[in-house]
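> My questions all concern the structure below.
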Amino acid sequence: MSVTAACGRSAMSVSRNLFYPRSASLLFSTNISPADTERAAGSQKRRRKRQRKAALPDGLSWEERLADAVTPLWRLSYDQQLELKHDHQQRILSQLSGSAAAKLSFPVLPVLPSPVRDGYRNKSTFSVNRGVDGNPKTVGLYVGTGRQGNIVCVSADHLLNMPEKHTLVARCYQDFLRLSSLEPCLLFHTGGHWREVTVRTSAQGHTTAIVYFHPQTLSAEEVAVHKAELVDYFTRGPGSVCQLDSLFFQESAMTRCTHEESPYQLLHGRPYMYEEVLGFRFRVSADAFFQVNPAAAQVLYSTVRDLCAPAAEDGAARRKTGGTLLDVCCGTGAVGIIASPRVDRVVGVELIEQAVRDATHNAALNNVANCQFLPGKAEMVLPALMTELGSVAGALTAVVNPSRAGLHPRVVRALRNQAAIRRLVYVSCKPDGEAMRNFRELCCAPDEEKKLRGPAFSPTLAVPVDMFPHTPHCELVLLLER
């Protein structure tokens, strides 16, 4: 397939029959007639009506089924959602007392609400698979499961947590796929090339798209042709309506891989985007973790900072806590940098090397001189680091914010066996998963078999923060002390 570079409307008009058919031109042209608009809108309405009327065993439309899967609380008022989440967090934490019916020995505060409740996501990944009409070049989110063999890819346009910019990019990517001569990669062993697309946006209005691609047996020269077509579509073709600030491309024969394993190739625009939290500015790379709800992240990080390093009251003045803050799974350095004015030193540990580079850059960007960020697996870095930190004067506080997989047992042992740590703040997006095992091992009696020799921590306060409105999930901040 050949792509004609189009620099103006006249050139695009000539070339659209080669790459951009009339349907795409109608959807994205800024120069269409009211009659064309009415016909296009009518076509969309008829298609959606057919989708809604598709036979479903539960009587729900495809849109409702997807909303129930992705945002199960969407039918409830926000106050009802917060009440349900608070009850759920209490039930989870009661496991620390040994029984769901046992009374908690520490307070669980009411869920701190998200300042933004709709369209709050700053990162969304859209899959490619067969849609309601059977078209394998459909971009959206899944209803059904691979195990049951009933996956249907449904447009996410209607989801309450999804920003319009994200769904716009998804629609354009779908349009591009349907114009491309290459097939989508639905299953690695069945061939195909085009995979999912990730969209990231910032509070400043910047938009990044990351397209994932399986090269199969294509040569580098052949892949380059399709990369050029992708760039052309999103910069000069119908996809330019997305106004992408950055377009990345990752070739990989694996389901998931890091930048180090397969580099994110910048095809267009800026190499980074920036976010601002509590007066600090953060550089975020294509694959770096950042909280998915930027408005609620302000609430979360403020809470974590105040628990890690409470600002001591001294009459009318506020003085810093001092000591050292150990930030495990530090990502791009947000927690440590935000808490840095209140402590003497911050030491962060992070697995992803690019995130460590971002964290170091972010410290310099914010003129923070007391932060140090170390790359590597926490279970490998911490044992030696603990020896060093244990000999440093002043209080030692730890904050951990692991993935859903929780902390590695060696990390738990390192934290537990370092008696100098008197305060530990655990941030978890899934406290009923592996994090609960971590909680128990941090708080249980000394266990020589598990090499848990240090004094036990005790939970003293739990603060749920609603990072994910319309879903059952929230971020839990648990303060442990000894």
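Chain labels follow the order of the structure tokens: the first chain is A, the next B, and so on; residue numbering restarts at 1 in every chain, and ligands are counted from 1 in their shown order.
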Name the residues of region 269-453 of chain A that come out as alpha helix (DSSP H) in a backbone DSSP run; write them as a PDB file with N, CA, C and O atoms, in the first residue's frame.

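Once everything was written out, this is selection-v1.pdb:
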```pdb
ATOM      1  N   PRO A 294      -5.281  12.413  37.663  1.00  0.00           N
ATOM      2  CA  PRO A 294      -4.403  13.489  38.142  1.00  0.00           C
ATOM      3  C   PRO A 294      -5.023  14.365  39.221  1.00  0.00           C
ATOM      4  O   PRO A 294      -4.314  14.828  40.125  1.00  0.00           O
ATOM      5  N   ALA A 295      -6.324  14.604  39.157  1.00  0.00           N
ATOM      6  CA  ALA A 295      -6.960  15.445  40.181  1.00  0.00           C
ATOM      7  C   ALA A 295      -6.953  14.734  41.531  1.00  0.00           C
ATOM      8  O   ALA A 295      -6.636  15.333  42.564  1.00  0.00           O
ATOM      9  N   ALA A 296      -7.289  13.447  41.533  1.00  0.00           N
ATOM     10  CA  ALA A 296      -7.280  12.686  42.785  1.00  0.00           C
ATOM     11  C   ALA A 296      -5.857  12.413  43.253  1.00  0.00           C
ATOM     12  O   ALA A 296      -5.623  12.185  44.448  1.00  0.00           O
ATOM     13  N   ALA A 297      -4.885  12.436  42.321  1.00  0.00           N
ATOM     14  CA  ALA A 297      -3.484  12.253  42.717  1.00  0.00           C
ATOM     15  C   ALA A 297      -3.037  13.359  43.661  1.00  0.00           C
ATOM     16  O   ALA A 297      -2.211  13.135  44.556  1.00  0.00           O
ATOM     17  N   GLN A 298      -3.593  14.553  43.489  1.00  0.00           N
ATOM     18  CA  GLN A 298      -3.276  15.651  44.413  1.00  0.00           C
ATOM     19  C   GLN A 298      -3.700  15.274  45.835  1.00  0.00           C
ATOM     20  O   GLN A 298      -2.969  15.514  46.802  1.00  0.00           O
ATOM     21  N   VAL A 299      -4.884  14.662  45.949  1.00  0.00           N
ATOM     22  CA  VAL A 299      -5.402  14.240  47.257  1.00  0.00           C
ATOM     23  C   VAL A 299      -4.545  13.104  47.816  1.00  0.00           C
ATOM     24  O   VAL A 299      -4.173  13.098  48.997  1.00  0.00           O
ATOM     25  N   LEU A 300      -4.229  12.123  46.956  1.00  0.00           N
ATOM     26  CA  LEU A 300      -3.445  10.976  47.392  1.00  0.00           C
ATOM     27  C   LEU A 300      -2.060  11.385  47.870  1.00  0.00           C
ATOM     28  O   LEU A 300      -1.636  11.007  48.977  1.00  0.00           O
ATOM     29  N   TYR A 301      -1.355  12.165  47.070  1.00  0.00           N
ATOM     30  CA  TYR A 301       0.021  12.517  47.426  1.00  0.00           C
ATOM     31  C   TYR A 301       0.080  13.445  48.635  1.00  0.00           C
ATOM     32  O   TYR A 301       1.020  13.390  49.422  1.00  0.00           O
ATOM     33  N   SER A 302      -0.920  14.279  48.777  1.00  0.00           N
ATOM     34  CA  SER A 302      -0.984  15.124  49.969  1.00  0.00           C
ATOM     35  C   SER A 302      -1.151  14.273  51.222  1.00  0.00           C
ATOM     36  O   SER A 302      -0.507  14.496  52.255  1.00  0.00           O
ATOM     37  N   THR A 303      -2.019  13.250  51.112  1.00  0.00           N
ATOM     38  CA  THR A 303      -2.249  12.337  52.237  1.00  0.00           C
ATOM     39  C   THR A 303      -0.986  11.559  52.576  1.00  0.00           C
ATOM     40  O   THR A 303      -0.595  11.451  53.749  1.00  0.00           O
ATOM     41  N   VAL A 304      -0.336  11.000  51.553  1.00  0.00           N
ATOM     42  CA  VAL A 304       0.882  10.208  51.769  1.00  0.00           C
ATOM     43  C   VAL A 304       1.981  11.084  52.368  1.00  0.00           C
ATOM     44  O   VAL A 304       2.675  10.677  53.310  1.00  0.00           O
ATOM     45  N   ARG A 305       2.154  12.280  51.838  1.00  0.00           N
ATOM     46  CA  ARG A 305       3.182  13.191  52.379  1.00  0.00           C
ATOM     47  C   ARG A 305       2.932  13.479  53.854  1.00  0.00           C
ATOM     48  O   ARG A 305       3.870  13.432  54.664  1.00  0.00           O
ATOM     49  N   ASP A 306       1.682  13.753  54.213  1.00  0.00           N
ATOM     50  CA  ASP A 306       1.381  14.118  55.603  1.00  0.00           C
ATOM     51  C   ASP A 306       1.571  12.939  56.553  1.00  0.00           C
ATOM     52  O   ASP A 306       1.881  13.141  57.733  1.00  0.00           O
ATOM     53  N   LEU A 307       1.389  11.710  56.061  1.00  0.00           N
ATOM     54  CA  LEU A 307       1.613  10.553  56.919  1.00  0.00           C
ATOM     55  C   LEU A 307       3.096  10.190  57.002  1.00  0.00           C
ATOM     56  O   LEU A 307       3.565   9.723  58.036  1.00  0.00           O
ATOM     57  N   CYS A 308       3.815  10.391  55.905  1.00  0.00           N
ATOM     58  CA  CYS A 308       5.254  10.101  55.911  1.00  0.00           C
ATOM     59  C   CYS A 308       6.030  11.129  56.730  1.00  0.00           C
ATOM     60  O   CYS A 308       6.948  10.778  57.479  1.00  0.00           O
ATOM     61  N   ALA A 334       7.528  10.994  42.445  1.00  0.00           N
ATOM     62  CA  ALA A 334       6.522  11.956  42.903  1.00  0.00           C
ATOM     63  C   ALA A 334       6.455  12.057  44.427  1.00  0.00           C
ATOM     64  O   ALA A 334       6.529  13.155  44.988  1.00  0.00           O
ATOM     65  N   VAL A 335       6.304  10.919  45.124  1.00  0.00           N
ATOM     66  CA  VAL A 335       6.138  10.961  46.582  1.00  0.00           C
ATOM     67  C   VAL A 335       7.363  11.582  47.251  1.00  0.00           C
ATOM     68  O   VAL A 335       7.254  12.470  48.100  1.00  0.00           O
ATOM     69  N   GLY A 336       8.551  11.106  46.880  1.00  0.00           N
ATOM     70  CA  GLY A 336       9.760  11.599  47.514  1.00  0.00           C
ATOM     71  C   GLY A 336       9.993  13.077  47.278  1.00  0.00           C
ATOM     72  O   GLY A 336      10.362  13.815  48.199  1.00  0.00           O
ATOM     73  N   ILE A 337       9.789  13.516  46.044  1.00  0.00           N
ATOM     74  CA  ILE A 337      10.012  14.932  45.721  1.00  0.00           C
ATOM     75  C   ILE A 337       9.005  15.814  46.445  1.00  0.00           C
ATOM     76  O   ILE A 337       9.346  16.878  46.973  1.00  0.00           O
ATOM     77  N   ILE A 338       7.740  15.372  46.492  1.00  0.00           N
ATOM     78  CA  ILE A 338       6.719  16.170  47.182  1.00  0.00           C
ATOM     79  C   ILE A 338       7.001  16.251  48.680  1.00  0.00           C
ATOM     80  O   ILE A 338       6.760  17.278  49.321  1.00  0.00           O
ATOM     81  N   ALA A 339       7.529  15.162  49.262  1.00  0.00           N
ATOM     82  CA  ALA A 339       7.836  15.158  50.704  1.00  0.00           C
ATOM     83  C   ALA A 339       9.196  15.759  51.019  1.00  0.00           C
ATOM     84  O   ALA A 339       9.496  16.028  52.188  1.00  0.00           O
ATOM     85  N   GLU A 353      14.360   1.579  34.657  1.00  0.00           N
ATOM     86  CA  GLU A 353      15.479   2.515  34.571  1.00  0.00           C
ATOM     87  C   GLU A 353      15.056   3.868  34.019  1.00  0.00           C
ATOM     88  O   GLU A 353      15.551   4.906  34.470  1.00  0.00           O
ATOM     89  N   GLN A 354      14.159   3.869  33.021  1.00  0.00           N
ATOM     90  CA  GLN A 354      13.711   5.140  32.471  1.00  0.00           C
ATOM     91  C   GLN A 354      12.968   5.964  33.516  1.00  0.00           C
ATOM     92  O   GLN A 354      13.101   7.188  33.562  1.00  0.00           O
ATOM     93  N   ALA A 355      12.215   5.297  34.377  1.00  0.00           N
ATOM     94  CA  ALA A 355      11.521   6.017  35.451  1.00  0.00           C
ATOM     95  C   ALA A 355      12.527   6.636  36.420  1.00  0.00           C
ATOM     96  O   ALA A 355      12.309   7.733  36.934  1.00  0.00           O
ATOM     97  N   VAL A 356      13.639   5.934  36.673  1.00  0.00           N
ATOM     98  CA  VAL A 356      14.684   6.483  37.545  1.00  0.00           C
ATOM     99  C   VAL A 356      15.298   7.722  36.901  1.00  0.00           C
ATOM    100  O   VAL A 356      15.562   8.728  37.573  1.00  0.00           O
ATOM    101  N   ARG A 357      15.531   7.650  35.593  1.00  0.00           N
ATOM    102  CA  ARG A 357      16.055   8.836  34.900  1.00  0.00           C
ATOM    103  C   ARG A 357      15.064   9.987  34.981  1.00  0.00           C
ATOM    104  O   ARG A 357      15.442  11.150  35.177  1.00  0.00           O
ATOM    105  N   ASP A 358      13.768   9.666  34.842  1.00  0.00           N
ATOM    106  CA  ASP A 358      12.743  10.706  34.993  1.00  0.00           C
ATOM    107  C   ASP A 358      12.759  11.284  36.406  1.00  0.00           C
ATOM    108  O   ASP A 358      12.651  12.502  36.594  1.00  0.00           O
ATOM    109  N   ALA A 359      12.874  10.418  37.410  1.00  0.00           N
ATOM    110  CA  ALA A 359      12.875  10.882  38.802  1.00  0.00           C
ATOM    111  C   ALA A 359      14.059  11.811  39.062  1.00  0.00           C
ATOM    112  O   ALA A 359      13.909  12.863  39.707  1.00  0.00           O
ATOM    113  N   THR A 360      15.237  11.427  38.577  1.00  0.00           N
ATOM    114  CA  THR A 360      16.424  12.271  38.757  1.00  0.00           C
ATOM    115  C   THR A 360      16.234  13.610  38.055  1.00  0.00           C
ATOM    116  O   THR A 360      16.568  14.671  38.597  1.00  0.00           O
ATOM    117  N   HIS A 361      15.686  13.549  36.850  1.00  0.00           N
ATOM    118  CA  HIS A 361      15.408  14.787  36.115  1.00  0.00           C
ATOM    119  C   HIS A 361      14.385  15.644  36.862  1.00  0.00           C
ATOM    120  O   HIS A 361      14.525  16.876  36.945  1.00  0.00           O
ATOM    121  N   ASN A 362      13.347  14.988  37.404  1.00  0.00           N
ATOM    122  CA  ASN A 362      12.293  15.731  38.097  1.00  0.00           C
ATOM    123  C   ASN A 362      12.816  16.433  39.344  1.00  0.00           C
ATOM    124  O   ASN A 362      12.387  17.543  39.665  1.00  0.00           O
ATOM    125  N   ALA A 363      13.731  15.789  40.056  1.00  0.00           N
ATOM    126  CA  ALA A 363      14.330  16.434  41.227  1.00  0.00           C
ATOM    127  C   ALA A 363      15.070  17.701  40.810  1.00  0.00           C
ATOM    128  O   ALA A 363      14.925  18.767  41.433  1.00  0.00           O
ATOM    129  N   ALA A 364      15.849  17.607  39.734  1.00  0.00           N
ATOM    130  CA  ALA A 364      16.577  18.782  39.245  1.00  0.00           C
ATOM    131  C   ALA A 364      15.618  19.842  38.710  1.00  0.00           C
ATOM    132  O   ALA A 364      15.815  21.043  38.934  1.00  0.00           O
ATOM    133  N   LEU A 365      14.560  19.391  38.032  1.00  0.00           N
ATOM    134  CA  LEU A 365      13.566  20.312  37.471  1.00  0.00           C
ATOM    135  C   LEU A 365      12.920  21.158  38.561  1.00  0.00           C
ATOM    136  O   LEU A 365      12.584  22.331  38.349  1.00  0.00           O
ATOM    137  N   ALA A 378      13.863  -3.974  43.960  1.00  0.00           N
ATOM    138  CA  ALA A 378      13.935  -3.591  45.372  1.00  0.00           C
ATOM    139  C   ALA A 378      14.518  -4.712  46.220  1.00  0.00           C
ATOM    140  O   ALA A 378      15.286  -4.461  47.155  1.00  0.00           O
ATOM    141  N   GLU A 379      14.176  -5.965  45.876  1.00  0.00           N
ATOM    142  CA  GLU A 379      14.667  -7.087  46.680  1.00  0.00           C
ATOM    143  C   GLU A 379      16.182  -7.266  46.555  1.00  0.00           C
ATOM    144  O   GLU A 379      16.815  -7.887  47.424  1.00  0.00           O
ATOM    145  N   MET A 380      16.771  -6.720  45.474  1.00  0.00           N
ATOM    146  CA  MET A 380      18.216  -6.791  45.298  1.00  0.00           C
ATOM    147  C   MET A 380      18.922  -5.579  45.895  1.00  0.00           C
ATOM    148  O   MET A 380      20.034  -5.678  46.408  1.00  0.00           O
ATOM    149  N   VAL A 381      18.276  -4.427  45.824  1.00  0.00           N
ATOM    150  CA  VAL A 381      18.909  -3.179  46.262  1.00  0.00           C
ATOM    151  C   VAL A 381      18.802  -2.978  47.773  1.00  0.00           C
ATOM    152  O   VAL A 381      19.748  -2.508  48.428  1.00  0.00           O
ATOM    153  N   LEU A 382      17.663  -3.349  48.356  1.00  0.00           N
ATOM    154  CA  LEU A 382      17.384  -2.984  49.745  1.00  0.00           C
ATOM    155  C   LEU A 382      18.318  -3.598  50.784  1.00  0.00           C
ATOM    156  O   LEU A 382      18.707  -2.887  51.727  1.00  0.00           O
ATOM    157  N   PRO A 383      18.688  -4.867  50.708  1.00  0.00           N
ATOM    158  CA  PRO A 383      19.502  -5.424  51.790  1.00  0.00           C
ATOM    159  C   PRO A 383      20.766  -4.612  52.086  1.00  0.00           C
ATOM    160  O   PRO A 383      21.040  -4.279  53.246  1.00  0.00           O
ATOM    161  N   ALA A 384      21.532  -4.271  51.047  1.00  0.00           N
ATOM    162  CA  ALA A 384      22.739  -3.465  51.269  1.00  0.00           C
ATOM    163  C   ALA A 384      22.390  -2.038  51.668  1.00  0.00           C
ATOM    164  O   ALA A 384      23.058  -1.427  52.511  1.00  0.00           O
ATOM    165  N   LEU A 385      21.327  -1.511  51.065  1.00  0.00           N
ATOM    166  CA  LEU A 385      20.925  -0.142  51.376  1.00  0.00           C
ATOM    167  C   LEU A 385      20.485  -0.009  52.823  1.00  0.00           C
ATOM    168  O   LEU A 385      20.755   1.015  53.476  1.00  0.00           O
ATOM    169  N   MET A 386      19.830  -1.016  53.358  1.00  0.00           N
ATOM    170  CA  MET A 386      19.365  -0.978  54.742  1.00  0.00           C
ATOM    171  C   MET A 386      20.534  -0.863  55.722  1.00  0.00           C
ATOM    172  O   MET A 386      20.433  -0.187  56.743  1.00  0.00           O
ATOM    173  N   THR A 387      21.632  -1.515  55.410  1.00  0.00           N
ATOM    174  CA  THR A 387      22.812  -1.421  56.276  1.00  0.00           C
ATOM    175  C   THR A 387      23.297   0.019  56.342  1.00  0.00           C
ATOM    176  O   THR A 387      23.633   0.534  57.418  1.00  0.00           O
ATOM    177  N   GLU A 388      23.312   0.658  55.188  1.00  0.00           N
ATOM    178  CA  GLU A 388      23.741   2.062  55.154  1.00  0.00           C
ATOM    179  C   GLU A 388      22.767   2.967  55.898  1.00  0.00           C
ATOM    180  O   GLU A 388      23.169   3.794  56.720  1.00  0.00           O
ATOM    181  N   LEU A 389      21.460   2.804  55.616  1.00  0.00           N
ATOM    182  CA  LEU A 389      20.465   3.694  56.222  1.00  0.00           C
ATOM    183  C   LEU A 389      20.364   3.482  57.733  1.00  0.00           C
ATOM    184  O   LEU A 389      20.057   4.409  58.476  1.00  0.00           O
ATOM    185  N   GLY A 390      20.614   2.263  58.187  1.00  0.00           N
ATOM    186  CA  GLY A 390      20.530   1.986  59.620  1.00  0.00           C
ATOM    187  C   GLY A 390      21.562   2.711  60.438  1.00  0.00           C
ATOM    188  O   GLY A 390      21.384   2.918  61.650  1.00  0.00           O
ATOM    189  N   PRO A 409       8.853 -10.964  48.931  1.00  0.00           N
ATOM    190  CA  PRO A 409       9.108 -11.366  50.328  1.00  0.00           C
ATOM    191  C   PRO A 409      10.433 -10.841  50.890  1.00  0.00           C
ATOM    192  O   PRO A 409      10.511 -10.503  52.079  1.00  0.00           O
ATOM    193  N   ARG A 410      11.464 -10.735  50.039  1.00  0.00           N
ATOM    194  CA  ARG A 410      12.746 -10.223  50.528  1.00  0.00           C
ATOM    195  C   ARG A 410      12.658  -8.745  50.881  1.00  0.00           C
ATOM    196  O   ARG A 410      13.368  -8.266  51.772  1.00  0.00           O
ATOM    197  N   VAL A 411      11.785  -8.001  50.187  1.00  0.00           N
ATOM    198  CA  VAL A 411      11.588  -6.587  50.516  1.00  0.00           C
ATOM    199  C   VAL A 411      10.879  -6.472  51.860  1.00  0.00           C
ATOM    200  O   VAL A 411      11.243  -5.644  52.698  1.00  0.00           O
ATOM    201  N   VAL A 412       9.849  -7.305  52.050  1.00  0.00           N
ATOM    202  CA  VAL A 412       9.133  -7.303  53.334  1.00  0.00           C
ATOM    203  C   VAL A 412      10.109  -7.610  54.474  1.00  0.00           C
ATOM    204  O   VAL A 412      10.092  -6.947  55.516  1.00  0.00           O
ATOM    205  N   ARG A 413      10.959  -8.612  54.282  1.00  0.00           N
ATOM    206  CA  ARG A 413      11.932  -8.967  55.324  1.00  0.00           C
ATOM    207  C   ARG A 413      12.888  -7.809  55.603  1.00  0.00           C
ATOM    208  O   ARG A 413      13.192  -7.515  56.764  1.00  0.00           O
ATOM    209  N   ALA A 414      13.356  -7.159  54.543  1.00  0.00           N
ATOM    210  CA  ALA A 414      14.289  -6.042  54.727  1.00  0.00           C
ATOM    211  C   ALA A 414      13.647  -4.910  55.518  1.00  0.00           C
ATOM    212  O   ALA A 414      14.288  -4.316  56.401  1.00  0.00           O
ATOM    213  N   LEU A 415      12.400  -4.604  55.223  1.00  0.00           N
ATOM    214  CA  LEU A 415      11.692  -3.534  55.946  1.00  0.00           C
ATOM    215  C   LEU A 415      11.420  -3.953  57.388  1.00  0.00           C
ATOM    216  O   LEU A 415      11.617  -3.171  58.325  1.00  0.00           O
ATOM    217  N   ARG A 416      10.964  -5.168  57.544  1.00  0.00           N
ATOM    218  CA  ARG A 416      10.601  -5.667  58.873  1.00  0.00           C
ATOM    219  C   ARG A 416      11.827  -5.752  59.790  1.00  0.00           C
ATOM    220  O   ARG A 416      11.764  -5.431  60.986  1.00  0.00           O
ATOM    221  N   ASN A 417      12.960  -6.166  59.232  1.00  0.00           N
ATOM    222  CA  ASN A 417      14.143  -6.416  60.061  1.00  0.00           C
ATOM    223  C   ASN A 417      15.004  -5.187  60.279  1.00  0.00           C
ATOM    224  O   ASN A 417      16.013  -5.262  60.982  1.00  0.00           O
ATOM    225  N   GLU A 434      -2.247  -9.417  46.977  1.00  0.00           N
ATOM    226  CA  GLU A 434      -0.961  -9.740  47.590  1.00  0.00           C
ATOM    227  C   GLU A 434      -0.571  -8.746  48.679  1.00  0.00           C
ATOM    228  O   GLU A 434       0.213  -9.070  49.564  1.00  0.00           O
ATOM    229  N   ALA A 435      -1.115  -7.542  48.620  1.00  0.00           N
ATOM    230  CA  ALA A 435      -0.809  -6.561  49.656  1.00  0.00           C
ATOM    231  C   ALA A 435      -1.221  -7.062  51.035  1.00  0.00           C
ATOM    232  O   ALA A 435      -0.540  -6.780  52.030  1.00  0.00           O
ATOM    233  N   MET A 436      -2.320  -7.822  51.112  1.00  0.00           N
ATOM    234  CA  MET A 436      -2.760  -8.333  52.414  1.00  0.00           C
ATOM    235  C   MET A 436      -1.715  -9.286  52.996  1.00  0.00           C
ATOM    236  O   MET A 436      -1.473  -9.284  54.216  1.00  0.00           O
ATOM    237  N   ARG A 437      -1.085 -10.092  52.150  1.00  0.00           N
ATOM    238  CA  ARG A 437       0.008 -10.944  52.633  1.00  0.00           C
ATOM    239  C   ARG A 437       1.147 -10.082  53.189  1.00  0.00           C
ATOM    240  O   ARG A 437       1.710 -10.385  54.246  1.00  0.00           O
ATOM    241  N   ASN A 438       1.451  -8.990  52.490  1.00  0.00           N
ATOM    242  CA  ASN A 438       2.482  -8.069  52.985  1.00  0.00           C
ATOM    243  C   ASN A 438       2.092  -7.482  54.336  1.00  0.00           C
ATOM    244  O   ASN A 438       2.913  -7.424  55.262  1.00  0.00           O
ATOM    245  N   PHE A 439       0.826  -7.030  54.455  1.00  0.00           N
ATOM    246  CA  PHE A 439       0.358  -6.448  55.720  1.00  0.00           C
ATOM    247  C   PHE A 439       0.567  -7.434  56.868  1.00  0.00           C
ATOM    248  O   PHE A 439       1.077  -7.072  57.938  1.00  0.00           O
ATOM    249  N   ARG A 440       0.152  -8.670  56.641  1.00  0.00           N
ATOM    250  CA  ARG A 440       0.224  -9.670  57.703  1.00  0.00           C
ATOM    251  C   ARG A 440       1.663  -9.954  58.108  1.00  0.00           C
ATOM    252  O   ARG A 440       1.965 -10.093  59.297  1.00  0.00           O
ATOM    253  N   GLU A 441       2.559 -10.022  57.130  1.00  0.00           N
ATOM    254  CA  GLU A 441       3.953 -10.333  57.457  1.00  0.00           C
ATOM    255  C   GLU A 441       4.652  -9.152  58.115  1.00  0.00           C
ATOM    256  O   GLU A 441       5.578  -9.337  58.901  1.00  0.00           O
ATOM    257  N   LEU A 442       4.214  -7.966  57.834  1.00  0.00           N
ATOM    258  CA  LEU A 442       4.779  -6.793  58.499  1.00  0.00           C
ATOM    259  C   LEU A 442       4.267  -6.664  59.934  1.00  0.00           C
ATOM    260  O   LEU A 442       4.947  -6.082  60.791  1.00  0.00           O
ATOM    261  N   CYS A 443       3.071  -7.212  60.192  1.00  0.00           N
ATOM    262  CA  CYS A 443       2.425  -7.017  61.494  1.00  0.00           C
ATOM    263  C   CYS A 443       2.394  -8.269  62.375  1.00  0.00           C
ATOM    264  O   CYS A 443       1.930  -8.189  63.528  1.00  0.00           O
TER     265      CYS A 443
END
```
> Using only C-alpha atoms, which protein or nucleic acid residues come within 8 Å of region 319-328 of chain A? Drop anything in the same chain fewer than 5 positions from it, and give the result as a PyMOL selection string.
chain A and resi 308-314+335-336+341-350+378+393-402
> Keeping only C-alpha atoms, write the selected residues to a file as a short mmCIF file (atom, residue, chain, number, x, y, z; two decimals), in the first residue's frame.

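Everything below was put into part-v3.cif:
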```cif
data_model
loop_
_atom_site.label_atom_id
_atom_site.label_comp_id
_atom_site.auth_asym_id
_atom_site.auth_seq_id
_atom_site.Cartn_x
_atom_site.Cartn_y
_atom_site.Cartn_z
CA CYS A 308 5.25 10.10 55.91
CA ALA A 309 6.43 13.46 57.20
CA PRO A 310 3.86 15.30 59.29
CA ALA A 311 4.64 19.00 59.39
CA ALA A 312 5.44 19.63 63.06
CA GLU A 313 3.56 22.50 64.66
CA ASP A 314 5.66 24.97 66.60
CA VAL A 335 6.14 10.96 46.58
CA GLY A 336 9.76 11.60 47.51
CA PRO A 341 10.90 19.87 51.86
CA ARG A 342 9.93 18.13 55.12
CA VAL A 343 12.82 15.65 55.41
CA ASP A 344 16.61 15.78 55.32
CA ARG A 345 17.06 13.09 52.68
CA VAL A 346 15.02 10.98 50.24
CA VAL A 347 16.26 7.67 48.81
CA GLY A 348 14.11 6.12 46.10
CA VAL A 349 14.33 2.63 44.58
CA GLU A 350 12.70 1.78 41.25
CA ALA A 378 13.93 -3.59 45.37
CA ALA A 393 21.41 9.59 62.33
CA GLY A 394 17.78 10.73 62.48
CA ALA A 395 14.42 9.07 61.97
CA LEU A 396 13.96 6.58 59.15
CA THR A 397 10.53 6.38 57.49
CA ALA A 398 9.57 4.13 54.58
CA VAL A 399 6.84 4.47 51.97
CA VAL A 400 6.00 1.69 49.54
CA ASN A 401 3.73 1.86 46.50
CA PRO A 402 4.05 -1.50 44.72
#
```
> Interatomic distance between CA of Val223 (chain A) and CA of Val211 (chain A)?
13.0 Å
> Any idea what the distance is between CA of Val154 (chain A) and CA of Phe248 (chain A)?
24.1 Å
> How far is it from CA of Cys444 (chain A) to CA of His86 (chain A), in Å with one decimal?
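Between these atoms lies a distance of 24.8 Å.
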> Skipping near chain neighbours, those fewer than 4 positions away, what residues fall within 6 Å of region 469-471 of chain A using only C-alpha atoms, listed as number ranges by chain?
A: 71-74, 117
> Export all heavy atoms of the chosen residues as a compact mmCIF listing (two decimals), in the first residue's frame?

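To be explicit, this is the file written out as out_14.txt:
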```txt
# COMPACT_ATOMS: atom_id res chain seq x y z
N THR A 71 -16.93 -0.13 34.51
CA THR A 71 -17.35 0.84 35.54
C THR A 71 -18.61 0.32 36.23
O THR A 71 -19.71 0.86 36.05
CB THR A 71 -17.62 2.22 34.91
OG1 THR A 71 -18.55 2.05 33.81
CG2 THR A 71 -16.35 2.85 34.39
N PRO A 72 -18.49 -0.73 37.04
CA PRO A 72 -19.68 -1.41 37.59
C PRO A 72 -20.58 -0.55 38.46
O PRO A 72 -21.74 -0.90 38.67
CB PRO A 72 -19.08 -2.55 38.42
CG PRO A 72 -17.67 -2.68 38.00
CD PRO A 72 -17.25 -1.37 37.47
N LEU A 73 -20.07 0.57 38.98
CA LEU A 73 -20.88 1.41 39.87
C LEU A 73 -21.53 2.57 39.14
O LEU A 73 -22.06 3.49 39.79
CB LEU A 73 -20.01 1.93 41.02
CG LEU A 73 -19.22 0.89 41.83
CD1 LEU A 73 -18.53 1.55 43.02
CD2 LEU A 73 -20.12 -0.23 42.30
N TRP A 74 -21.53 2.55 37.83
CA TRP A 74 -21.98 3.72 37.07
C TRP A 74 -23.45 4.07 37.30
O TRP A 74 -23.86 5.21 37.09
CB TRP A 74 -21.72 3.51 35.58
CG TRP A 74 -22.52 2.44 34.90
CD1 TRP A 74 -22.28 1.11 34.92
CD2 TRP A 74 -23.68 2.62 34.09
NE1 TRP A 74 -23.21 0.42 34.17
CE2 TRP A 74 -24.08 1.32 33.64
CE3 TRP A 74 -24.43 3.72 33.68
CZ2 TRP A 74 -25.19 1.12 32.81
CZ3 TRP A 74 -25.53 3.52 32.85
CH2 TRP A 74 -25.89 2.24 32.43
N ARG A 117 -14.89 13.38 38.66
CA ARG A 117 -15.53 12.06 38.70
C ARG A 117 -15.78 11.46 37.32
O ARG A 117 -15.93 10.25 37.20
CB ARG A 117 -16.85 12.17 39.47
CG ARG A 117 -16.60 12.57 40.92
CD ARG A 117 -17.80 13.19 41.58
NE ARG A 117 -17.40 13.85 42.83
CZ ARG A 117 -18.23 14.50 43.62
NH1 ARG A 117 -19.51 14.57 43.31
NH2 ARG A 117 -17.79 15.09 44.71
```
> Env of Ala69 (chain A): 9 Å cut, atoms = only C-alpha atoms, seq-sep filter 5 positions within chain, self excluded. Answer as a PyMOL selection string.
chain A and resi 64+142-143
